[in-house]
Amino acid sequence: MKDAPHRPDLETYIRLREKHNVVPVWREVMADLQTPVAAFLRLDPQPNGFLLESVEGGERWARYSFLGGDTFATVTARRGQIDVEGDPPVLPNDGESPLAYIRRLLEAFDAPEMEELPPLHGGAVGFLGYDVVRELEVIGEEPDDDLGLPDAVLLLTRTFVVFDHLKQKAFVITNVATPGDPVASYREAQARCDEVVERLAAPLSLPQVELELASEVAFETSVDDAEYRGWVETAKEHVMAGDVFQV
């Protein structure tokens, strides 16, 4: 991958720190011979790695692919309880709802708008589950939790790799919190970017994977046919009545 200077330069970085509490530092590298999947395997971002593809119209690959895994905090919500690991800028208050905390958490970050960067290059990545809607709408009693999954998980991610498929290049972006010595933090950000670029250029060796395919697959369901059909009929009645919010 071709070398490129770090951006912004140190002078601009210091100036941005005066107005914002998070400033991105990045490098751009050619990626015409690289793929997002190969990059993900090279970076091996365990345990909180992600690869997100942008899609247009639900059927076509869009311009960007987003990789990350260098998280500085994780937020997990389950049945109204919030668990935080790492060092986020704010912590949940006693009795605070997950959505209220997430909103306050995201508002604590103030980063400059950088026209040169892709639309997603920092912040929180994760999911909000179906039952989070109960904080916004009354939709009946909460069912038994038969899967044991969290209602929400967010990864506060410091370093991203973003593929721009249109221009066939990749952005290696690391986000720097502003407390601390500006010159030292800038040099550390440069080093993080350089380390990622080196790993992206490294040879990729994968072990052979052998899969044992079952001849028959057994399926189980938590409801019988009659109960499920009853749910469908009830949903149809709500549709006809015009009072459906979710089905």
# chains A, B, ... in the order shown; residues from 1 in each chain; ligands from 1

call {"tool": "residues_around", "arguments": {"residues": "A:Gly49", "least_positions_apart": "6", "cutoff": "10 Å", "atoms": "only C-alpha atoms", "output": "NGL selection string"}}
result
:A and (40 or 43 or 67-71 or 155 or 157)

call {"tool": "residues_around", "arguments": {"residues": "A:Cys193", "least_positions_apart": "3", "cutoff": "12 Å", "atoms": "only C-alpha atoms", "output": "MDAnalysis selection string"}}
result
chainID A and resid 3:7 24:29 70 158:161 170:176 186:190 196:200

call {"tool": "write_last_selection", "arguments": {"atoms": "C-alpha atoms", "output": "PDB file, in the first residue's frame"}}
result
ATOM      1  CA  ASP A   3       2.471   5.667   1.837  1.00  0.00           C
ATOM      2  CA  ALA A   4       0.407   8.794   2.519  1.00  0.00           C
ATOM      3  CA  PRO A   5       0.788  11.612   5.035  1.00  0.00           C
ATOM      4  CA  HIS A   6      -1.214  11.693   8.223  1.00  0.00           C
ATOM      5  CA  ARG A   7      -4.091  14.113   8.282  1.00  0.00           C
ATOM      6  CA  PRO A  24      -9.841  12.152  14.125  1.00  0.00           C
ATOM      7  CA  VAL A  25      -6.377  11.472  12.724  1.00  0.00           C
ATOM      8  CA  TRP A  26      -6.115   9.357   9.591  1.00  0.00           C
ATOM      9  CA  ARG A  27      -4.158   8.011   6.654  1.00  0.00           C
ATOM     10  CA  GLU A  28      -5.402   7.139   3.191  1.00  0.00           C
ATOM     11  CA  VAL A  29      -3.968   4.097   1.410  1.00  0.00           C
ATOM     12  CA  ASP A  70     -10.294  -1.088  18.728  1.00  0.00           C
ATOM     13  CA  ARG A 158     -11.487   4.327  18.573  1.00  0.00           C
ATOM     14  CA  THR A 159     -10.008   3.082  15.292  1.00  0.00           C
ATOM     15  CA  PHE A 160     -11.850   2.422  12.018  1.00  0.00           C
ATOM     16  CA  VAL A 161     -10.821   1.151   8.605  1.00  0.00           C
ATOM     17  CA  ALA A 170      -9.088   2.841   2.390  1.00  0.00           C
ATOM     18  CA  PHE A 171      -9.125   5.282   5.273  1.00  0.00           C
ATOM     19  CA  VAL A 172      -7.366   4.264   8.489  1.00  0.00           C
ATOM     20  CA  ILE A 173      -8.903   6.548  11.110  1.00  0.00           C
ATOM     21  CA  THR A 174      -8.227   6.792  14.820  1.00  0.00           C
ATOM     22  CA  ASN A 175     -10.179   9.119  17.090  1.00  0.00           C
ATOM     23  CA  VAL A 176      -8.279  10.973  19.788  1.00  0.00           C
ATOM     24  CA  TYR A 186      -0.925  13.217  17.934  1.00  0.00           C
ATOM     25  CA  ARG A 187       2.220  11.071  17.738  1.00  0.00           C
ATOM     26  CA  GLU A 188       0.368   8.186  19.400  1.00  0.00           C
ATOM     27  CA  ALA A 189      -2.452   8.516  16.862  1.00  0.00           C
ATOM     28  CA  GLN A 190       0.071   8.475  14.014  1.00  0.00           C
ATOM     29  CA  VAL A 196      -2.912  -0.759  11.166  1.00  0.00           C
ATOM     30  CA  VAL A 197      -1.476   0.054   7.730  1.00  0.00           C
ATOM     31  CA  GLU A 198       1.395  -2.375   8.325  1.00  0.00           C
ATOM     32  CA  ARG A 199      -1.009  -5.135   9.351  1.00  0.00           C
ATOM     33  CA  LEU A 200      -3.134  -4.528   6.260  1.00  0.00           C
TER      34      LEU A 200
END

call {"tool": "closest_residue", "arguments": {"among": "A:Arg104, A:Ala62, A:Tyr228, A:Val37", "to": "A:Pro92", "atoms": "only C-alpha atoms"}}
result
A:Arg104

call {"tool": "select_by_dssp", "arguments": {"residues": "stretch 13-149 of chain A", "states": "strand (DSSP E)", "output": "ChimeraX atom specification"}}
result
/A:22-30,50-56,60-78,81-86,123-128

call {"tool": "residues_around", "arguments": {"residues": "A:Asp110", "least_positions_apart": "4", "cutoff": "10 Å", "atoms": "only C-alpha atoms", "output": "number ranges by chain"}}
result
A: 19-23, 106, 177

call {"tool": "write_last_selection", "arguments": {"atoms": "C-alpha atoms", "output": "compact mmCIF listing (two decimals), in the first residue's frame"}}
result
# COMPACT_ATOMS: atom_id res chain seq x y z
CA LYS A 19 -13.02 23.49 19.98
CA HIS A 20 -13.73 19.74 20.16
CA ASN A 21 -13.14 16.93 22.64
CA VAL A 22 -12.58 14.25 19.96
CA VAL A 23 -10.42 14.76 16.87
CA LEU A 106 -23.38 10.20 22.47
CA ALA A 177 -9.83 12.25 23.01

call {"tool": "closest_residue", "arguments": {"among": "A:Val55, A:Leu105, A:Val138, A:Val183", "to": "A:Val84", "atoms": "only C-alpha atoms"}}
result
A:Leu105

call {"tool": "residues_around", "arguments": {"residues": "stretch 117-127 of chain A", "least_positions_apart": "5", "cutoff": "6 Å", "atoms": "only C-alpha atoms", "output": "VMD selection string"}}
result
chain A and resid 152 to 156

call {"tool": "write_last_selection", "arguments": {"atoms": "C-alpha atoms", "output": "compact mmCIF listing (two decimals), in the first residue's frame"}}
result
# COMPACT_ATOMS: atom_id res chain seq x y z
CA ALA A 152 -28.64 -3.42 23.36
CA VAL A 153 -24.88 -3.61 22.87
CA LEU A 154 -22.76 -0.65 21.78
CA LEU A 155 -19.04 -0.60 21.06
CA LEU A 156 -17.35 2.77 21.51

call {"tool": "residues_around", "arguments": {"residues": "stretch 129-137 of chain A", "least_positions_apart": "5", "cutoff": "8 Å", "atoms": "only C-alpha atoms", "output": "list in words"}}
result
Ser97, Leu99, Glu142, Pro150, Asp151 and Ala152 of chain A

call {"tool": "write_last_selection", "arguments": {"atoms": "N, CA and C atoms", "output": "PDB file, in the first residue's frame"}}
result
ATOM      1  N   SER A  97     -32.673   5.007  32.192  1.00  0.00           N
ATOM      2  CA  SER A  97     -33.040   4.022  31.181  1.00  0.00           C
ATOM      3  C   SER A  97     -31.915   3.884  30.158  1.00  0.00           C
ATOM      4  N   LEU A  99     -31.943   3.920  26.831  1.00  0.00           N
ATOM      5  CA  LEU A  99     -31.969   4.907  25.756  1.00  0.00           C
ATOM      6  C   LEU A  99     -31.562   6.288  26.246  1.00  0.00           C
ATOM      7  N   GLU A 142     -44.079  -7.586  28.757  1.00  0.00           N
ATOM      8  CA  GLU A 142     -42.838  -8.104  28.187  1.00  0.00           C
ATOM      9  C   GLU A 142     -42.833  -9.623  28.278  1.00  0.00           C
ATOM     10  N   PRO A 150     -28.973  -9.713  25.193  1.00  0.00           N
ATOM     11  CA  PRO A 150     -29.105  -8.334  25.682  1.00  0.00           C
ATOM     12  C   PRO A 150     -30.046  -7.531  24.809  1.00  0.00           C
ATOM     13  N   ASP A 151     -30.610  -6.472  25.386  1.00  0.00           N
ATOM     14  CA  ASP A 151     -31.491  -5.581  24.631  1.00  0.00           C
ATOM     15  C   ASP A 151     -30.694  -4.626  23.752  1.00  0.00           C
ATOM     16  N   ALA A 152     -29.471  -4.328  24.144  1.00  0.00           N
ATOM     17  CA  ALA A 152     -28.638  -3.419  23.358  1.00  0.00           C
ATOM     18  C   ALA A 152     -27.174  -3.674  23.688  1.00  0.00           C
TER      19      ALA A 152
END

call {"tool": "residues_around", "arguments": {"residues": "stretch 230-246 of chain A", "least_positions_apart": "4", "cutoff": "9 Å", "atoms": "only C-alpha atoms", "output": "number ranges by chain"}}
result
A: 139, 225-226

call {"tool": "write_last_selection", "arguments": {"atoms": "C-alpha atoms", "output": "PDB file, in the first residue's frame"}}
result
ATOM      1  CA  ILE A 139     -46.977  -2.564  23.581  1.00  0.00           C
ATOM      2  CA  ASP A 225     -49.330 -24.409  14.656  1.00  0.00           C
ATOM      3  CA  ALA A 226     -52.644 -23.548  16.286  1.00  0.00           C
TER       4      ALA A 226
END

call {"tool": "select_by_dssp", "arguments": {"residues": "stretch 12-171 of chain A", "states": "helix (DSSP H, G or I)", "output": "compact mmCIF listing (two decimals) with N, CA and C atoms, in the first residue's frame"}}
result
# COMPACT_ATOMS: atom_id res chain seq x y z
N THR A 12 -3.11 21.88 12.50
CA THR A 12 -4.57 21.83 12.39
C THR A 12 -5.17 21.00 13.51
N TYR A 13 -4.52 19.89 13.85
CA TYR A 13 -4.98 19.03 14.93
C TYR A 13 -5.06 19.81 16.25
N ILE A 14 -4.03 20.57 16.56
CA ILE A 14 -4.03 21.35 17.80
C ILE A 14 -5.14 22.40 17.77
N ARG A 15 -5.36 23.00 16.63
CA ARG A 15 -6.43 24.00 16.53
C ARG A 15 -7.81 23.36 16.72
N LEU A 16 -8.02 22.18 16.17
CA LEU A 16 -9.30 21.49 16.33
C LEU A 16 -9.54 21.07 17.77
N ARG A 17 -8.47 20.73 18.48
CA ARG A 17 -8.60 20.34 19.89
C ARG A 17 -9.15 21.47 20.74
N PRO A 36 -12.43 -6.05 2.00
CA PRO A 36 -12.79 -5.87 3.41
C PRO A 36 -12.65 -7.15 4.23
N VAL A 37 -13.02 -8.29 3.66
CA VAL A 37 -12.92 -9.54 4.41
C VAL A 37 -11.46 -9.88 4.70
N ALA A 38 -10.59 -9.73 3.70
CA ALA A 38 -9.17 -9.99 3.91
C ALA A 38 -8.59 -9.03 4.94
N ALA A 39 -9.01 -7.77 4.88
CA ALA A 39 -8.54 -6.79 5.86
C ALA A 39 -9.00 -7.17 7.26
N PHE A 40 -10.23 -7.61 7.38
CA PHE A 40 -10.75 -8.02 8.69
C PHE A 40 -9.94 -9.18 9.25
N LEU A 41 -9.61 -10.15 8.41
CA LEU A 41 -8.82 -11.29 8.87
C LEU A 41 -7.41 -10.86 9.24
N ARG A 42 -6.84 -9.92 8.52
CA ARG A 42 -5.50 -9.44 8.86
C ARG A 42 -5.49 -8.69 10.19
N LEU A 43 -6.52 -7.89 10.42
CA LEU A 43 -6.56 -7.11 11.65
C LEU A 43 -6.96 -7.96 12.85
N PRO A 98 -31.83 2.73 29.49
CA PRO A 98 -30.78 2.54 28.49
C PRO A 98 -30.78 3.60 27.40
N LEU A 99 -31.94 3.92 26.83
CA LEU A 99 -31.97 4.91 25.76
C LEU A 99 -31.56 6.29 26.25
N ALA A 100 -31.98 6.65 27.45
CA ALA A 100 -31.59 7.95 27.99
C ALA A 100 -30.08 8.02 28.19
N TYR A 101 -29.49 6.93 28.69
CA TYR A 101 -28.04 6.92 28.87
C TYR A 101 -27.31 6.97 27.54
N ILE A 102 -27.77 6.18 26.57
CA ILE A 102 -27.12 6.18 25.26
C ILE A 102 -27.17 7.57 24.63
N ARG A 103 -28.31 8.23 24.76
CA ARG A 103 -28.43 9.59 24.21
C ARG A 103 -27.44 10.53 24.90
N ARG A 104 -27.36 10.45 26.21
CA ARG A 104 -26.45 11.33 26.96
C ARG A 104 -25.00 10.98 26.65
N LEU A 105 -24.72 9.71 26.47
CA LEU A 105 -23.36 9.27 26.15
C LEU A 105 -22.91 9.83 24.80
N LEU A 106 -23.76 9.72 23.79
CA LEU A 106 -23.38 10.20 22.47
C LEU A 106 -23.26 11.72 22.44
N GLU A 107 -24.09 12.39 23.23
CA GLU A 107 -24.00 13.85 23.29
C GLU A 107 -22.71 14.33 23.95
N TYR A 130 -35.24 -5.46 19.67
CA TYR A 130 -36.68 -5.20 19.48
C TYR A 130 -37.31 -4.59 20.73
N ASP A 131 -37.00 -5.14 21.90
CA ASP A 131 -37.71 -4.73 23.11
C ASP A 131 -37.31 -3.36 23.62
N VAL A 132 -36.29 -2.75 23.04
CA VAL A 132 -35.95 -1.38 23.42
C VAL A 132 -37.10 -0.43 23.12
N VAL A 133 -37.96 -0.80 22.16
CA VAL A 133 -39.10 0.06 21.81
C VAL A 133 -40.03 0.26 22.99
N ARG A 134 -39.96 -0.60 23.99
CA ARG A 134 -40.82 -0.46 25.16
C ARG A 134 -40.52 0.80 25.95
N GLU A 135 -39.36 1.39 25.74
CA GLU A 135 -39.08 2.69 26.36
C GLU A 135 -39.83 3.81 25.66
